[in-house]
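upload.txt (compact mmCIF, C-alpha atoms)
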# COMPACT_ATOMS: atom_id res chain seq x y z
CA MET V 1 0.00 0.00 0.00
CA LYS V 2 1.19 3.53 -0.63
CA ASN V 3 2.05 5.57 2.44
CA LYS V 4 -0.60 8.18 3.22
CA GLY V 5 0.86 11.25 4.87
CA LEU V 6 -0.90 12.87 7.79
CA ILE V 7 -2.02 16.43 7.13
CA ILE V 8 -1.35 18.60 10.16
CA GLY V 9 -4.35 20.78 10.91
CA LEU V 10 -2.42 24.01 11.35
CA ILE V 11 -4.16 26.87 9.60
CA VAL V 12 -2.42 28.07 6.46
CA PHE V 13 -3.91 30.72 4.18
CA VAL V 14 -6.97 31.24 2.01
CA LEU V 15 -8.90 28.00 2.19
CA ALA V 16 -11.68 29.63 0.19
CA LEU V 17 -9.63 29.37 -2.99
CA ALA V 18 -9.26 25.59 -2.64
CA GLY V 19 -5.51 25.53 -2.36
CA CYS V 20 -4.69 27.87 -5.19
CA PHE V 21 -2.41 29.90 -2.92
CA ALA V 22 -0.17 26.93 -2.12
CA ALA V 23 3.44 27.63 -3.07
CA CYS V 24 3.91 27.18 -6.82
CA GLY V 25 7.60 27.93 -6.81
CA ASN V 26 8.14 29.60 -10.18
CA VAL V 27 8.08 33.26 -9.16
CA ARG V 28 11.65 34.48 -8.87
CA ILE V 29 12.48 37.14 -6.28
CA ARG V 30 15.08 39.87 -6.57
CA LEU V 31 16.13 41.67 -3.38
CA THR V 32 16.44 45.41 -3.60
CA GLY V 33 16.20 48.57 -1.56
CA GLY V 34 14.78 50.58 -4.46
CA LEU V 35 11.11 50.53 -3.49
CA SER V 36 9.15 53.43 -2.09
CA GLU V 37 8.72 53.78 1.64
CA GLY V 38 6.20 51.30 3.01
CA GLU V 39 6.38 48.99 -0.02
CA LEU V 40 7.43 45.36 0.45
CA PHE V 41 7.50 44.27 -3.17
CA ARG V 42 6.29 45.16 -6.63
CA ILE V 43 5.29 42.85 -9.49
CA GLU V 44 4.92 44.94 -12.62
CA ASP V 45 2.21 47.42 -11.55
CA LYS V 46 1.08 45.43 -8.50
CA VAL V 47 2.42 46.67 -5.17
CA CYS V 48 2.22 45.07 -1.73
CA THR V 49 2.53 47.49 1.18
CA GLU V 50 3.62 46.90 4.75
CA ALA V 51 0.09 47.77 5.88
CA GLU V 52 -1.35 44.98 3.72
CA ALA V 53 1.16 42.50 5.13
CA ARG V 54 0.41 43.58 8.69
CA LEU V 55 -3.28 42.95 8.11
CA PHE V 56 -2.75 39.34 7.10
CA LEU V 57 -0.11 38.91 9.79
CA MET V 58 -2.54 40.08 12.46
CA ASN V 59 -5.41 38.11 10.96
CA GLN V 60 -3.49 34.86 10.84
CA LYS V 61 -1.83 35.33 14.22
CA ASN V 62 -5.21 35.69 15.90
CA ARG V 63 -6.62 32.70 14.00
CA CYS V 64 -3.75 30.44 15.02
CA GLU V 65 -3.76 31.52 18.65
CA GLN V 66 -7.52 31.00 18.94
CA ALA V 67 -7.08 27.47 17.61
CA TYR V 68 -3.77 26.41 19.17
CA GLY V 69 -2.85 28.89 21.89
CA GLU V 70 -0.17 31.54 22.18
CA LYS V 71 2.68 29.04 22.51
CA ILE V 72 2.20 27.72 18.98
CA TRP V 73 4.85 30.09 17.56
CA SER V 74 7.75 28.46 19.42
CA VAL V 75 6.88 24.92 18.32
CA SER V 76 9.90 23.36 16.59
CA LEU V 77 9.53 21.81 13.14
CA GLU V 78 11.50 18.93 11.64
CA ASP V 79 13.91 21.23 9.80
CA GLY V 80 14.88 23.01 13.02
CA SER V 81 12.83 26.14 12.35
CA THR V 82 9.87 27.28 14.42
CA PHE V 83 6.23 27.52 13.48
CA ALA V 84 6.65 31.31 13.47
CA ASP V 85 9.40 30.98 10.85
CA TYR V 86 7.21 28.71 8.77
CA MET V 87 4.24 31.06 8.89
CA SER V 88 6.41 34.05 7.98
CA SER V 89 7.54 32.21 4.87
CA GLU V 90 3.95 31.26 4.06
CA LEU V 91 2.88 34.87 4.47
CA ARG V 92 5.46 36.06 1.94
CA ASP V 93 4.48 33.34 -0.53
CA PHE V 94 0.81 34.13 -0.10
CA LEU V 95 1.21 37.86 -0.74
CA VAL V 96 3.33 37.29 -3.85
CA GLN V 97 0.81 34.77 -5.15
CA LEU V 98 -2.16 37.00 -4.38
CA LYS V 99 -0.70 39.88 -6.36
CA SER V 100 0.45 37.55 -9.15
CA MET V 101 -3.02 36.04 -9.44
CA ALA V 102 -4.63 39.47 -9.61
CA LEU V 103 -2.17 40.41 -12.35
CA MET V 104 -2.86 37.16 -14.19
CA ALA V 105 -6.62 37.76 -13.94
CA GLU V 106 -6.21 41.16 -15.57
CA SER V 107 -4.11 39.63 -18.34
CA ARG V 108 -6.95 37.20 -19.09
CA GLY V 109 -9.49 40.00 -19.42
CA ILE V 110 -11.20 39.45 -16.07
CA SER V 111 -12.78 42.59 -14.64
CA LEU V 112 -15.13 43.28 -11.77
CA SER V 113 -18.68 44.46 -12.14
CA ASP V 114 -20.14 47.59 -10.58
CA GLU V 115 -21.91 45.33 -8.08
CA GLU V 116 -18.63 43.69 -7.09
CA GLU V 117 -17.00 47.08 -6.65
CA ARG V 118 -19.87 48.11 -4.40
CA GLN V 119 -19.42 44.93 -2.35
CA ILE V 120 -15.69 45.61 -2.09
CA SER V 121 -16.33 49.09 -0.75
CA GLU V 122 -18.86 47.83 1.77
CA ALA V 123 -16.67 44.92 2.89
CA SER V 124 -13.71 47.25 3.37
CA SER V 125 -15.75 49.66 5.45
CA ALA V 126 -17.16 46.79 7.48
CA TYR V 127 -13.69 45.46 8.24
CA LEU V 128 -12.20 48.81 9.21
CA SER V 129 -15.15 49.65 11.44
CA SER V 130 -14.95 46.33 13.29
CA VAL V 131 -11.23 45.97 14.08
CA GLY V 132 -11.06 48.55 16.85
CA GLU V 133 -8.81 51.56 17.42
CA GLU V 134 -5.78 49.59 18.62
CA ALA V 135 -5.80 47.43 15.50
CA LEU V 136 -6.34 50.42 13.23
CA THR V 137 -3.31 52.12 14.74
CA TYR V 138 -1.20 48.97 14.32
CA LEU V 139 -2.30 48.43 10.73
CA GLY V 140 -2.05 51.99 9.49
CA ILE V 141 -4.09 50.90 6.49
CA SER V 142 -6.24 53.23 4.42
CA GLN V 143 -9.68 52.62 2.96
CA GLU V 144 -8.07 52.62 -0.49
CA GLU V 145 -5.53 49.93 0.50
CA MET V 146 -8.28 47.91 2.14
CA GLU V 147 -10.37 48.03 -1.01
CA GLN V 148 -7.38 47.01 -3.10
CA LEU V 149 -6.87 43.94 -0.93
CA TYR V 150 -10.46 42.83 -1.34
CA ARG V 151 -10.27 43.67 -5.05
CA ASP V 152 -7.15 41.53 -5.50
CA TYR V 153 -8.74 38.73 -3.51
CA GLN V 154 -11.89 38.78 -5.62
CA MET V 155 -9.87 38.89 -8.84
CA ALA V 156 -7.88 35.88 -7.64
CA ARG V 157 -11.08 34.01 -6.88
CA ARG V 158 -12.53 34.89 -10.29
CA LEU V 159 -9.32 33.62 -11.90
CA ALA V 160 -9.50 30.34 -9.97
CA ASP V 161 -13.15 29.91 -10.94
CA GLN V 162 -12.38 30.61 -14.61
CA ILE V 163 -9.59 28.03 -14.77
CA SER V 164 -11.64 25.48 -12.79
CA SER V 165 -14.46 25.77 -15.32
CA LEU V 166 -12.11 24.48 -18.03
CA VAL V 167 -11.70 21.11 -16.29
CA GLN V 168 -13.90 18.22 -17.41
CA ASP V 169 -16.06 17.28 -14.43
CA GLU V 170 -17.32 13.89 -15.61
CA ILE V 171 -15.66 11.23 -13.46
CA SER V 172 -16.93 7.66 -13.63
CA ASP V 173 -17.93 5.57 -10.63
CA ASP V 174 -15.23 3.06 -11.50
CA GLU V 175 -12.47 5.67 -11.62
CA ALA V 176 -13.50 7.12 -8.26
CA ARG V 177 -14.60 3.84 -6.72
CA VAL V 178 -13.99 3.36 -3.01
CA ILE V 179 -14.10 -0.20 -1.72
CA GLU V 180 -13.98 -1.88 1.68
CA VAL V 181 -11.60 -4.78 2.25
CA GLN V 182 -10.01 -6.93 4.89
CA GLN V 183 -6.41 -7.89 4.29
CA ILE V 184 -3.68 -10.06 5.72
CA VAL V 185 -0.34 -8.32 5.34
CA PHE V 186 3.03 -10.06 5.19
CA ALA V 187 5.63 -7.28 5.29
CA LYS V 188 8.89 -7.87 3.42
CA THR V 189 10.96 -6.43 6.26
CA ALA V 190 12.13 -7.57 9.66
CA VAL V 191 11.65 -5.07 12.47
CA ALA V 192 14.21 -4.93 15.29
CA GLU V 193 13.38 -3.96 18.88
CA ASP V 194 14.63 -0.42 18.23
CA GLY V 195 12.25 -0.08 15.28
CA THR V 196 14.90 -0.52 12.59
CA GLU V 197 13.56 -2.26 9.47
CA THR V 198 15.73 -4.64 7.45
CA PRO V 199 14.69 -6.06 4.04
CA LEU V 200 14.27 -9.84 4.01
CA ASP V 201 16.69 -11.90 1.94
CA GLU V 202 15.56 -14.23 -0.86
CA GLY V 203 15.28 -17.25 1.39
CA GLN V 204 13.17 -15.36 3.91
CA LEU V 205 10.98 -13.99 1.13
CA SER V 206 10.40 -17.49 -0.20
CA SER V 207 9.30 -18.67 3.24
CA LEU V 208 7.08 -15.61 3.67
CA ARG V 209 5.45 -16.22 0.28
CA ALA V 210 4.70 -19.82 1.29
CA GLU V 211 3.20 -18.60 4.57
CA ALA V 212 0.99 -16.16 2.66
CA GLN V 213 -0.15 -18.97 0.37
CA THR V 214 -1.08 -21.08 3.38
CA ALA V 215 -3.19 -18.21 4.73
CA ALA V 216 -4.83 -17.78 1.32
CA ASP V 217 -5.66 -21.49 1.13
CA ARG V 218 -7.16 -21.46 4.62
CA ALA V 219 -9.26 -18.38 3.75
CA ALA V 220 -10.45 -20.02 0.53
CA ALA V 221 -11.42 -23.11 2.54
CA GLY V 222 -13.79 -21.00 4.61
CA GLU V 223 -11.91 -20.15 7.79
CA ALA V 224 -12.93 -16.85 9.38
CA PHE V 225 -10.91 -14.11 7.74
CA ALA V 226 -10.74 -12.02 10.91
CA THR V 227 -9.23 -14.97 12.76
CA LEU V 228 -6.59 -15.39 10.04
CA GLN V 229 -5.80 -11.68 10.27
CA GLU V 230 -5.15 -12.03 13.98
CA GLU V 231 -2.90 -15.03 13.39
CA TYR V 232 -0.87 -13.83 10.42
CA SER V 233 -1.14 -10.14 9.62
CA ASP V 234 1.52 -7.51 10.30
CA GLU V 235 -1.28 -4.94 10.45
CA GLU V 236 -4.26 -4.71 12.79
CA ALA V 237 -7.28 -6.85 12.06
CA GLY V 238 -10.36 -5.14 10.69
CA SER V 239 -11.50 -3.57 7.45
CA ILE V 240 -10.25 -0.53 5.58
CA GLN V 241 -11.61 1.69 2.83
CA VAL V 242 -9.40 2.35 -0.19
CA SER V 243 -9.54 4.12 -3.54
CA ARG V 244 -7.38 3.49 -6.60
CA ALA V 245 -5.10 6.37 -5.67
CA ASP V 246 -4.27 4.75 -2.33
CA VAL V 247 -2.71 1.54 -3.60
CA GLU V 248 0.07 0.15 -5.76
CA ASP V 249 -0.75 -0.97 -9.30
CA SER V 250 -0.47 -4.72 -8.68
CA TRP V 251 -2.77 -4.48 -5.64
CA GLU V 252 -5.24 -2.32 -7.54
CA GLU V 253 -5.31 -4.65 -10.55
CA ALA V 254 -6.03 -7.68 -8.39
CA VAL V 255 -8.46 -6.26 -5.85
CA PHE V 256 -10.54 -3.76 -7.81
CA SER V 257 -11.68 -6.55 -10.12
CA MET V 258 -13.04 -8.61 -7.20
CA GLU V 259 -16.69 -9.03 -6.30
CA SER V 260 -18.05 -8.45 -2.81
CA GLY V 261 -17.26 -11.46 -0.62
CA GLU V 262 -14.49 -12.71 -2.92
CA ILE V 263 -11.08 -13.70 -1.52
CA SER V 264 -7.88 -13.18 -3.47
CA GLY V 265 -4.86 -15.36 -3.89
CA VAL V 266 -1.48 -14.05 -2.82
CA ILE V 267 -0.88 -10.51 -4.13
CA GLU V 268 2.70 -9.23 -4.21
CA THR V 269 3.83 -5.60 -4.14
CA GLU V 270 7.23 -4.07 -3.47
CA GLU V 271 6.39 -3.76 0.22
CA ALA V 272 4.52 -6.92 1.12
CA PHE V 273 2.49 -9.99 0.24
CA TYR V 274 -1.28 -9.64 0.72
CA VAL V 275 -4.30 -11.86 0.99
CA VAL V 276 -7.44 -9.76 0.57
CA ARG V 277 -11.14 -10.26 1.15
CA CYS V 278 -13.40 -7.78 -0.63
CA VAL V 279 -16.11 -6.78 1.83
CA ASN V 280 -17.86 -4.30 -0.49
CA ASN V 281 -16.69 -3.51 -4.01
CA LEU V 282 -18.58 -0.18 -4.19
CA LEU V 283 -19.18 2.21 -1.31
CA SER V 284 -21.61 4.65 -2.93
CA GLU V 285 -21.35 7.67 -0.61
CA GLU V 286 -17.58 7.41 -0.30
CA THR V 287 -17.25 7.04 -4.08
CA GLN V 288 -19.27 10.19 -4.66
CA ALA V 289 -17.09 12.09 -2.18
CA ASN V 290 -13.97 10.77 -3.91
CA LYS V 291 -15.27 12.14 -7.23
CA GLU V 292 -15.20 15.60 -5.68
CA THR V 293 -11.66 14.99 -4.40
CA ILE V 294 -10.45 13.89 -7.82
CA LEU V 295 -12.14 16.88 -9.45
CA GLU V 296 -10.46 19.30 -7.04
CA GLN V 297 -7.10 17.66 -7.69
CA ARG V 298 -7.56 18.09 -11.45
CA ARG V 299 -8.62 21.70 -11.02
CA ALA V 300 -5.57 22.37 -8.87
CA ALA V 301 -3.27 20.70 -11.39
CA ARG V 302 -4.73 22.79 -14.23
CA PHE V 303 -4.41 25.94 -12.16
CA TYR V 304 -0.77 25.28 -11.24
CA GLN V 305 0.05 24.56 -14.87
CA GLU V 306 -1.31 27.88 -16.08
CA TYR V 307 -0.14 29.87 -13.07
CA ASN V 308 3.42 28.57 -13.35
CA ALA V 309 3.50 29.38 -17.06
CA PHE V 310 2.31 32.92 -16.40
CA THR V 311 4.69 33.62 -13.53
CA ALA V 312 7.78 31.98 -15.07
CA GLU V 313 9.13 35.31 -16.28
CA LEU V 314 7.84 37.53 -13.48
CA ILE V 315 10.49 38.94 -11.18
CA PRO V 316 9.06 40.70 -8.14
CA VAL V 317 11.19 43.57 -6.87
CA TYR V 318 11.35 42.64 -3.22
CA ASN V 319 12.58 44.58 -0.19
CA GLU V 320 14.01 42.21 2.42
CA GLU V 321 14.53 44.97 4.97
CA GLY V 322 10.83 45.72 4.98
CA TRP V 323 10.11 42.36 6.58
CA GLU V 324 12.37 42.87 9.58
CA GLY V 325 9.60 44.51 11.60
CA LEU V 326 7.01 41.90 10.69
CA SER V 327 6.99 38.88 12.98
CA PHE V 328 4.33 36.55 14.33
CA THR V 329 6.05 36.77 17.72
CA ASP V 330 5.69 40.56 17.89
CA GLU V 331 3.98 41.34 21.18
CA ASP V 332 2.60 44.59 19.76
CA ILE V 333 0.20 42.78 17.41
CA PRO V 334 -3.23 43.42 18.91
CA ALA V 335 -5.84 40.78 19.55
CA CYS V 336 -8.61 41.25 17.02
CA THR V 337 -11.79 39.29 16.40
CA ALA V 338 -12.48 40.86 13.00
CA ASP V 339 -11.54 38.40 10.27
CA PHE V 340 -10.67 39.38 6.69
CA TYR V 341 -12.00 36.12 5.22
CA GLU V 342 -15.21 36.01 7.22
CA ILE V 343 -16.13 39.53 6.15
CA TYR V 344 -15.28 38.65 2.56
CA ASN V 345 -17.63 35.65 2.77
CA GLN V 346 -20.41 37.83 4.18
CA TYR V 347 -20.37 39.95 1.03
CA PHE V 348 -19.26 37.50 -1.65
CA GLY V 349 -20.19 34.07 -0.27
CA ALA V 350 -17.81 31.26 0.64
Could you render the structure as C-alpha cells?
Amino acid sequence: MKNKGLIIGLIVFVLALAGCFAACGNVRIRLTGGLSEGELFRIEDKVCTEAEARLFLMNQKNRCEQAYGEKIWSVSLEDGSTFADYMSSELRDFLVQLKSMALMAESRGISLSDEEERQISEASSAYLSSVGEEALTYLGISQEEMEQLYRDYQMARRLADQISSLVQDEISDDEARVIEVQQIVFAKTAVAEDGTETPLDEGQLSSLRAEAQTAADRAAAGEAFATLQEEYSDEEAGSIQVSRADVEDSWEEAVFSMESGEISGVIETEEAFYVVRCVNNLLSEETQANKETILEQRRAARFYQEYNAFTAELIPVYNEEGWEGLSFTDEDIPACTADFYEIYNQYFGA
C-alpha cells in the first residue's frame, strides 16, 4: 500500500480558494532597496505594502492563537525552524501569489462588475469599522488599501473559478470507486526492537510467500478471515476503505476486479504480500465524495500549470529589509476578532 501522509491541521492561508495559494515555486524574487517607503515588493504594476502584510499577519496570528494557543509560535519543526518561521515564509508566498493572481486575472481580461466594486467598498468599510482603534493604529491601512486587498482577492477568486471551469467534471464511478476490504499483510521487512527495518533476503521472502499462500488457502477453505488476520497479519485486524489512488498498481489490478465477498490469492507488491477479502466492491457515498476529491485535484493541477506558465518570467522587486519589523512573535500585534475572510464571505459568499 502507498504511504498516506498525515495532514497537520495548522491553519495556512486562504482556504476559500481551494488551495490555489499553495506555493507554486516559479516566481523568482530579486532583493532590492529601491522601493518606495512602506512597499514590500512590486510585481509589474502590482504593489504590496507593509500595511497589507500587517493585516494578514494580524489576521493569521489571531486565528492560530484561537485554535492552538499563544505558545504555537515556538513549536519546533523537523527542519529546526519554528512555526513562526514557517508562517512568515507562508505569508510572503501568499502575498506574492495573491498579487500575481490578480495580475494574471487582468491579463486574461477578467474585470469586476459595478456590483462587485460596491461589495468591495462595503466589505472594506465593514472590516475597518470592526477591528477597533488599537488594530487600526497597528495596521495603518487606508480605505483605499483595504479596497485594493479585497479587489485583488476577488480577482484571484474569479481567476481560480475561470480556470476550474475548463476542467472536465465527468468522473466515472469506476475511476473514483472506493471499496472496503479486509487484508492479511506479510511485510517484506524484519523489524528490530529499536524499530529498525531490514529487508528480508531471498530465502526469507520465499518462506514468507509460502506462509501467505497457506493463509490464502485457509481463507479459501472458509476459515474466518478475521481470525486469520489475527494469526498472520503484520497490520491490525479489521477492514479498511481504499480508492485506486491509495494503492500500488499490482494491488489495484487484483483487488478492484473482485466481487463483494471474494477472496484473493497471494498478491505481491514491493512492500509486502497480501491476501485480501473484498467486503464491499462499491461504497456509494464514499465514491461520490472521492469524485469531488479527484475533481479538485484536477482543477488544482490545471491551475498550477497555467499559473506557473504565467509567472515563469515575473520577477518581483522585493525589499528584504521591509520584513524585519514583521513577525508573528511581535507582542505589539493586537488581539482582534475581525476576520478578513469572514467579512469577505459575508459579502461574496464562501
### Pick from V:Gln229, V:Gln162, V:Gln168, V:Phe273, whichever lies nearest to Arg108 in chain V using only C-alpha atoms
V:Gln162
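Residue nearest Tyr274 in chain V within the list V:Lys188, V:Glu223, V:Glu202, V:Asn345: V:Lys188 [criterion: smallest interatomic distance, only C-alpha atoms].
By chain and then residue number, the residues within 12 Å of Ser124 in chain V are Glu117, Arg118, Gln119, Ser129, Ser130, Val131, Ile141, Ser142, Gln143, Glu144, Glu145, Met146, Glu147, Gln148, Leu149, Tyr150, Arg151, Ala338, Asp339, Phe340, Tyr341, Glu342, Ile343, Tyr344, Gln346 and Tyr347 of chain V, counting all atoms listed in the file and disregarding those fewer than 5 positions away in sequence.
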Residue subset to file, keeping C-alpha atoms, as a PDB file, keeping the file's coordinate frame:
ATOM      1  CA  GLU V 117     -17.000  47.080  -6.650  1.00  0.00           C
ATOM      2  CA  ARG V 118     -19.870  48.110  -4.400  1.00  0.00           C
ATOM      3  CA  GLN V 119     -19.420  44.930  -2.350  1.00  0.00           C
ATOM      4  CA  SER V 129     -15.150  49.650  11.440  1.00  0.00           C
ATOM      5  CA  SER V 130     -14.950  46.330  13.290  1.00  0.00           C
ATOM      6  CA  VAL V 131     -11.230  45.970  14.080  1.00  0.00           C
ATOM      7  CA  ILE V 141      -4.090  50.900   6.490  1.00  0.00           C
ATOM      8  CA  SER V 142      -6.240  53.230   4.420  1.00  0.00           C
ATOM      9  CA  GLN V 143      -9.680  52.620   2.960  1.00  0.00           C
ATOM     10  CA  GLU V 144      -8.070  52.620  -0.490  1.00  0.00           C
ATOM     11  CA  GLU V 145      -5.530  49.930   0.500  1.00  0.00           C
ATOM     12  CA  MET V 146      -8.280  47.910   2.140  1.00  0.00           C
ATOM     13  CA  GLU V 147     -10.370  48.030  -1.010  1.00  0.00           C
ATOM     14  CA  GLN V 148      -7.380  47.010  -3.100  1.00  0.00           C
ATOM     15  CA  LEU V 149      -6.870  43.940  -0.930  1.00  0.00           C
ATOM     16  CA  TYR V 150     -10.460  42.830  -1.340  1.00  0.00           C
ATOM     17  CA  ARG V 151     -10.270  43.670  -5.050  1.00  0.00           C
ATOM     18  CA  ALA V 338     -12.480  40.860  13.000  1.00  0.00           C
ATOM     19  CA  ASP V 339     -11.540  38.400  10.270  1.00  0.00           C
ATOM     20  CA  PHE V 340     -10.670  39.380   6.690  1.00  0.00           C
ATOM     21  CA  TYR V 341     -12.000  36.120   5.220  1.00  0.00           C
ATOM     22  CA  GLU V 342     -15.210  36.010   7.220  1.00  0.00           C
ATOM     23  CA  ILE V 343     -16.130  39.530   6.150  1.00  0.00           C
ATOM     24  CA  TYR V 344     -15.280  38.650   2.560  1.00  0.00           C
ATOM     25  CA  GLN V 346     -20.410  37.830   4.180  1.00  0.00           C
ATOM     26  CA  TYR V 347     -20.370  39.950   1.030  1.00  0.00           C
TER      27      TYR V 347
END
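With distances restricted to only C-alpha atoms, V:Leu98 is the closest residue to Arg42 in chain V from V:Leu98, V:Glu306, V:Gln297, V:Ala160.
Between CA of Arg158 in chain V and CA of Phe41 in chain V lies a distance of 23.2 Å.
Residue nearest Lys61 in chain V, chosen from V:Met101, V:Val242, V:Arg177, V:Trp73 and counting only C-alpha atoms: V:Trp73.
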